[in-house]
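Novice: One structure is given below, represented as structure tokens, and several questions about it will come after.
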Amino acid sequence: MAERDSKNNAGRQDKIWRKLGLKDFEYAMIVDQLGREPNPVELNMYSVMWSEHCSYKHSRSSLKLFPTESPRVVQGPGENAGVVDIGDGYAAVFKIESHNHPSAVEPYQGAATGVGGILRDIYTMGAQPIAFLNSLRFGPPDNDRGRYLLRGVVAGIGGYGNCVGIPTVGGEVYFEPCYRGNPLVNAMCVGVMPLERLVLGQACGEGNLVVLAGARTGRDGIHGVTFASEELSEQSEKDRPAVQVGDPFLGKLLIDATLEAVEKKLVQGVQDLGGAGLTCALTETASRAGTGLEIDLDKVPLREEGLEPFEILTSESQERMLFIVEPEHLSGLEDIFRHWQLPLTVLGRVTKGRLVRIFYRGEIVAEVPAESVAGGAPAYEPEGREPDYYRELSSFDPLSLPPLKDPGRVLLNLLSSPDIASKEWVWQQYDYMVRTCTLQGPGGDAAVIRLRESGKALAVAVDGSGRLTYLDPYLGGMLAVAEATRNVSCCGAEPIGITDCLNFGNPEKPAAFWQFRRAVEGMAEACRVLEVPVVGGNVSFYNEVEDEAIYPTPVVGAVGLLEDAGRHCGPGFKEEGDAICLLGPEEVSLGGSQLLKVVHGRVAGRPAGIDLGMEKKVQALLCRLVARGLVSSVHDLSEGGLAVSLAESCMAGGRGAVIELPLSTDPDLALFGEGPSRAILSLPEKNRDQVIEMAEEAGVELRVIGRVGGDALDICCGGGRFLKLRLDEMKKAFEEVFSWMMS
Amino acid sequence: MKFGVIVFPGSNCDLDAYHLVRDVLKRDVEYIGYDRRKLGNFDVVILPGGFTYGDYLRSGALAARTPVIEALAGFANSGGLVLGICNGFQVLTEAGLLPGALCRNDSLQFRCRQGYVRVETNTLAFTGKAKNGDVLKMPVAHGDGSYYAPPELLRDLDDNGQVVFRYVDRDGRISEAANPNGSTANIAGIANRRGNVVGLMPHPERAGERALGSVDGLVLFRSLIGHLQDREVAGNG
């Protein structure tokens, strides 16, 4: 029946829904759910809420695979952010989100509003934000456009984060040609709050007031979510007006005012205005609470005259919050916002029934069922098909390559390659110390943030490898979860939850959807075995420019809990004479490795597989070793393998190392091969036997491979020297290349 | 003995200064709202770091026009001790309570990093417990920290011992590499003529606990506490 209606209407309305990004079939569903044809205002509301960005229509059924529960989980996916119990009556609140499309056309504002948006998701729940992280992907910085994007994005992240006074403590930056036209900007925010303060985005309580606070509404970001749900093209430049403009100062005031209102229990529900603006905030809060709303659009403070109702409803102007307030608490709320000189306006009230009714100049301009707009979009099960490249690339055998002639030179090349080189040029533009809780900042495996309230600490990290996911999406998904959680374990923290940002191509194309589905399956499997729940996240599809998709890039943000803030571990070698141990399995591969990419210019081969059971043992052992204070340093092995990790631990600690590997090993593979579930430890000689014993008990391989000392990294294999590099030459390669490249 | 921390719209290191005074130094401390016309009873008033009014117009310019500044000027004129950190330093120069100006970093980028400053004068209430030439490890985090003074002012500052801190390397040597922002003569912090108002770009409140990487910033606060205690003893005698 729905189909027939849509055919009948098609001619009359000139299919304007198509221009708004809706398919004929979806329009028919709207007519069906509404019981009539939508008027233009209503159609706009539907179109933004049924966009891929808001409705997850191509990903919803896959996301159901994720385990989302654990004894600690207070709030899983579906709210503004996930909430995890960290004991002592406190909770950690966190989420990651993409702002890829806006950053591709307007890097500074795109990145800045990405930070502002994820920030609002955290304090909307009632939590004090305590840290930002970000995961960035660009094309190689070998041309002006690439450098312009990188410079703009980094400045935008810093510009917003520094101003609001929340430290940006960690992240990752990688470069591949596939991100040239479509960079990835994923921002994560972590907050902490007393559990009893948790507020949800629900419009509950008939008769309660609906209050809009913060910035005035303008024409910026109209249909931003629709823009984010299409492929980028040459034409995207003209979509600059779809990119919002941030005002971090207002953002800072809104945090303080909102948290004060939450603390004083003046608000029943809180919802930020982000993608799809007022439409999203109104319909989602009503839909979650099973209530209706009556809203007077004339009350919305406008930046300029003459905005149409649909513009007011879909504008994505930043720094706005929606509160649900009991009438007797309004004056208390007004006092707080007056002190911070922030506008606050009553827009309407919560009603019985489930309709959101919008008035404008005395007329009803829209009357829609909240659940239909917020949750009625179809869930698609797109076709997935293994792409041709997959088997071809995995059949490549990297061991067919000749042995390395000058391994020392190769290591220096790796250390100075953009992926591995020090990112200090990036993070020195971020205030990573404000709030004076940063015990370990950028540059380590994870950042460590102390919790003043409890003496505990959180370790936080973001990770994901597009390259490995491209070569094997299922494995790449598992590795993203394993790597992020291992990184917090390296600091001594127990992983308690993750948030994910899934960056993929056009899901309507079978190859891209196959990558997506397989990666999600891999992530879900890793979460299940590692017993770490997914508590929220974001999907970004359509990361394509002129038919060329990015590498499938699942990014995982992991949060770990340290029971004792005083007991955490970093990557740098600390003491002369400490034993250096390699923890974890021996299996590595050059498939998809940095060696292959940097030295041979190839992305091919099979990456080393992962035994998730082993991964879990390794992570648990790392936590125990750090908690008992048995190790001086721990560093994850990842990009560039053992050689790069050893070099990093040397440089971070300002100390050399002497390494002796057995004769039986293939040194190129052992030193530059990459594989999961591994870390290098350094530890005092007196702890050696106990650590070996603990590893045996845990069923994890541990080999003593050398000793901290000297002013060089000196690696021998079977008695012969493999490479020897002085600390200062490694540091020069590692530290100087990035600022040189960017200047 | 009581410390006050002014909270302007956009201050964001207010918490850090407050935490240091209350939890590390165990002294009385209270926030002071930007809209207060009277300060109340304080011995030291701290203007914390941040981005007051988003640093719109110029860093510190709008905060320097808030009601509390008039009260602060009265407090300073009667000899009250005022410490401006980072954005607080910018506010003090904009308010005319300290000479000179803070310009954009020469890198044109925000800079956050650990670094070192050298104590140039220990005759002030702020540095009494330090020795001249002491090297203190303190981080910087700012975009507009390049101190500028015209030549004649620079001479005055030197002659009157108003330069309190200079950026140096770990060994106390002045160098271009040690200067995070291109400030004139590596100046990191200055005092007014009377010596009761000091502003500096580095963050001593971030260098007050071992867990954060340095405790060298404490000497400023310990000097102030010592100075006030001496004054109390003198007053009682």
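How things are named: the first chain in the structure tokens is A, the next is B, and so on; residues count from 1 in each chain; ligands count from 1 in the order shown.
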I'd like the contact shell of Glu70 in chain B - 12 Å cut-off, only C-alpha atoms, skipping same-chain residues fewer than 3 positions apart - returned as a PyMOL selection string.
Specialist: chain B and resi 34-39+63-67+73-77+92+95-97
Novice: Range 360-368 of chain A: which residues within 10 Å, counting only C-alpha atoms, same-chain residues fewer than 2 positions away excluded, as a compact mmCIF listing (two decimals) with N, CA and C atoms, in the first residue's frame?
Specialist:
```
# COMPACT_ATOMS: atom_id res chain seq x y z
N GLN A 33 3.58 5.88 8.08
CA GLN A 33 3.65 6.07 9.53
C GLN A 33 2.86 7.29 9.99
N LEU A 34 2.85 8.30 9.14
CA LEU A 34 2.15 9.54 9.49
C LEU A 34 0.65 9.42 9.21
N PRO A 38 3.43 14.21 4.51
CA PRO A 38 4.01 15.25 5.36
C PRO A 38 3.99 16.60 4.64
N ASN A 39 3.82 17.68 5.41
CA ASN A 39 3.99 19.00 4.78
C ASN A 39 5.50 19.27 4.68
N PRO A 40 5.90 20.32 4.00
CA PRO A 40 7.34 20.53 3.78
C PRO A 40 8.17 20.63 5.07
N VAL A 41 7.61 21.24 6.11
CA VAL A 41 8.37 21.35 7.37
C VAL A 41 8.58 19.95 7.95
N GLU A 42 7.51 19.18 7.95
CA GLU A 42 7.61 17.82 8.49
C GLU A 42 8.56 16.96 7.66
N LEU A 43 8.52 17.16 6.36
CA LEU A 43 9.40 16.38 5.49
C LEU A 43 10.87 16.69 5.80
N MET A 45 11.98 17.64 8.70
CA MET A 45 12.30 16.99 9.98
C MET A 45 12.62 15.51 9.77
N TYR A 46 11.76 14.86 8.99
CA TYR A 46 12.00 13.44 8.71
C TYR A 46 13.33 13.24 7.99
N THR A 283 12.53 15.45 19.13
CA THR A 283 11.91 14.14 18.86
C THR A 283 12.58 13.02 19.66
N GLY A 292 4.79 13.62 24.56
CA GLY A 292 4.66 14.55 23.45
C GLY A 292 5.19 15.91 23.86
N LEU A 293 5.27 16.83 22.88
CA LEU A 293 5.77 18.18 23.17
C LEU A 293 4.93 19.20 22.41
N GLU A 294 4.76 20.37 23.01
CA GLU A 294 4.24 21.51 22.28
C GLU A 294 5.27 22.61 22.31
N ILE A 295 5.68 23.03 21.14
CA ILE A 295 6.81 23.94 21.02
C ILE A 295 6.41 25.16 20.21
N ASP A 296 6.80 26.32 20.72
CA ASP A 296 6.53 27.57 20.00
C ASP A 296 7.82 28.08 19.37
N LEU A 297 7.93 27.91 18.08
CA LEU A 297 9.18 28.28 17.38
C LEU A 297 9.48 29.77 17.46
N ASP A 298 8.44 30.60 17.66
CA ASP A 298 8.67 32.05 17.75
C ASP A 298 9.57 32.40 18.93
N LYS A 299 9.63 31.51 19.89
CA LYS A 299 10.42 31.80 21.10
C LYS A 299 11.92 31.55 20.89
N GLU A 308 13.16 30.52 8.13
CA GLU A 308 11.95 29.73 7.93
C GLU A 308 11.83 28.71 9.06
N PRO A 309 10.60 28.27 9.35
CA PRO A 309 10.45 27.25 10.39
C PRO A 309 11.34 26.02 10.17
N PHE A 310 11.46 25.58 8.92
CA PHE A 310 12.27 24.38 8.70
C PHE A 310 13.74 24.66 8.98
N ARG A 354 1.98 11.23 22.12
CA ARG A 354 3.35 11.08 21.64
C ARG A 354 3.63 11.95 20.42
N LEU A 355 2.89 13.05 20.35
CA LEU A 355 3.06 13.94 19.20
C LEU A 355 3.95 15.12 19.55
N VAL A 356 4.83 15.46 18.63
CA VAL A 356 5.57 16.71 18.75
C VAL A 356 4.87 17.72 17.86
N ARG A 357 4.33 18.75 18.52
CA ARG A 357 3.52 19.73 17.80
C ARG A 357 4.28 21.05 17.80
N ILE A 358 4.54 21.57 16.61
CA ILE A 358 5.34 22.79 16.48
C ILE A 358 4.44 23.95 16.02
N ALA A 370 6.69 11.47 17.64
CA ALA A 370 8.13 11.55 17.98
C ALA A 370 8.85 10.26 17.60
N GLU A 371 8.23 9.12 17.91
CA GLU A 371 8.92 7.85 17.66
C GLU A 371 9.15 7.60 16.18
N SER A 372 8.20 8.04 15.37
CA SER A 372 8.33 7.84 13.94
C SER A 372 9.50 8.65 13.38
N VAL A 373 9.60 9.90 13.81
CA VAL A 373 10.69 10.75 13.31
C VAL A 373 12.03 10.27 13.85
```
Novice: Write out as a tab-separated table a residue-level contact list of chain A versus chain B with cut-off 7 Å: for each qualifying residue the closest pair of atoms and the distance in Å to one decimal, counting only C-alpha atoms, rows sorted by chain and residue number upward.
Specialist:
```
residue	atom	partner	partner_atom	distance
A:Cys163	CA	B:Phe51	CA	5.5
A:Val164	CA	B:Asn12	CA	7.0
A:Gly165	CA	B:Asn12	CA	5.1
A:Pro248	CA	B:Gly54	CA	7.0
A:Phe249	CA	B:Gly54	CA	4.6
A:Lys252	CA	B:Gly10	CA	6.4
A:Leu253	CA	B:Gly10	CA	6.8
A:Trp340	CA	B:Pro9	CA	6.9
A:Gln428	CA	B:Cys112	CA	4.8
A:Gln429	CA	B:Phe110	CA	4.8
A:Tyr430	CA	B:Cys112	CA	6.3
A:Asp431	CA	B:Cys112	CA	5.5
A:Val434	CA	B:Cys13	CA	6.6
A:Arg435	CA	B:Asp16	CA	5.6
A:Thr436	CA	B:Arg206	CA	5.9
A:Thr438	CA	B:Leu212	CA	6.9
A:Leu439	CA	B:Leu212	CA	5.7
```
Novice: Save out the residues we just selected, C-alpha atoms, as a compact mmCIF listing (two decimals), in the first residue's frame.
Specialist:
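Final output, result.txt:
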```
# COMPACT_ATOMS: atom_id res chain seq x y z
CA CYS A 163 39.71 27.26 25.32
CA VAL A 164 37.19 25.13 27.20
CA GLY A 165 39.96 23.98 29.53
CA PRO A 248 34.35 27.56 22.48
CA PHE A 249 33.95 30.44 24.91
CA LYS A 252 32.86 26.68 28.26
CA LEU A 253 30.13 28.77 29.88
CA TRP A 340 27.09 33.43 33.01
CA GLN A 428 52.32 20.58 21.63
CA GLN A 429 49.43 22.60 20.17
CA TYR A 430 47.07 21.00 22.68
CA ASP A 431 46.94 21.90 26.35
CA VAL A 434 45.08 21.82 32.30
CA ARG A 435 43.01 20.54 35.27
CA THR A 436 46.34 19.23 36.68
CA THR A 438 47.38 14.36 33.63
CA LEU A 439 49.81 11.82 35.07
```
Novice: Find the residues around Glu37 in chain A up to 9 Å (only C-alpha atoms counted), leave out those fewer than 4 positions away in its own chain, and share them as an MDAnalysis selection string.
Specialist: chainID A and resid 9 27:28 30:32 43
Novice: I need the residues from that last selection saved to file as an mmCIF file, in the first residue's frame (with N, CA and C atoms), if you can.
Specialist:
```
data_model
loop_
_atom_site.group_PDB
_atom_site.id
_atom_site.type_symbol
_atom_site.label_atom_id
_atom_site.label_comp_id
_atom_site.auth_asym_id
_atom_site.auth_seq_id
_atom_site.Cartn_x
_atom_site.Cartn_y
_atom_site.Cartn_z
ATOM 1 N N ASN A 9 1.981 9.891 -5.496
ATOM 2 C CA ASN A 9 2.419 11.234 -5.115
ATOM 3 C C ASN A 9 3.608 11.728 -5.924
ATOM 4 N N TYR A 27 10.162 7.612 1.619
ATOM 5 C CA TYR A 27 9.059 8.578 1.625
ATOM 6 C C TYR A 27 7.731 7.854 1.823
ATOM 7 N N ALA A 28 7.602 6.720 1.167
ATOM 8 C CA ALA A 28 6.378 5.947 1.299
ATOM 9 C C ALA A 28 6.186 5.492 2.751
ATOM 10 N N ILE A 30 7.228 7.058 5.363
ATOM 11 C CA ILE A 30 6.842 8.237 6.152
ATOM 12 C C ILE A 30 5.342 8.473 6.026
ATOM 13 N N VAL A 31 4.861 8.417 4.793
ATOM 14 C CA VAL A 31 3.429 8.619 4.547
ATOM 15 C C VAL A 31 2.619 7.573 5.322
ATOM 16 N N ASP A 32 3.158 6.369 5.311
ATOM 17 C CA ASP A 32 2.497 5.282 5.991
ATOM 18 C C ASP A 32 2.451 5.520 7.508
ATOM 19 N N LEU A 43 8.522 17.161 6.358
ATOM 20 C CA LEU A 43 9.403 16.380 5.491
ATOM 21 C C LEU A 43 10.873 16.692 5.795
#
```
Novice: So that I can check the surroundings of range 545-560 of chain A, please list as a ChimeraX atom specification every protein, DNA and RNA residue that reaches within 7 Å of it, counting only C-alpha atoms and ignoring chain neighbours fewer than 2 positions away.
Specialist: /A:96,178-179,181-182,231-233,458-467,469-470,477,480-481,484-485,488,493-505,515,543,562
Novice: Among range 332-569 of chain A, which residues does DSSP mark as strand (DSSP E) when it is run on the backbone? Keep the chain and numbering as in the structure and answer as number ranges by chain.
Specialist: A: 344-351, 355-360, 363-369, 438-440, 447-450, 457-463, 494-503, 534-540, 544-545, 548-549, 553-562
Novice: Counting only C-alpha atoms, what is within 12 Å of Cys189 in chain A, bar same-chain residues fewer than 6 positions away, as a count of residues only?
Specialist: 46
Novice: Would you pick out the contacts of Arg518 in chain A at 10 Å or less, using only C-alpha atoms, so that residues sharing its chain but fewer than 2 positions from it are not included, and give the list as a list in words?
Specialist: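 Residues near the query, excluding close chain neighbours: Ser62, Gly384, Glu386, Thr469, Asp472, Pro473, Tyr474, Leu475, Gly476, Gly477, Met478, Phe513, Trp514, Gln515, Phe516, Val520, Glu521, Gly522, Met523 and Ala524 of chain A.
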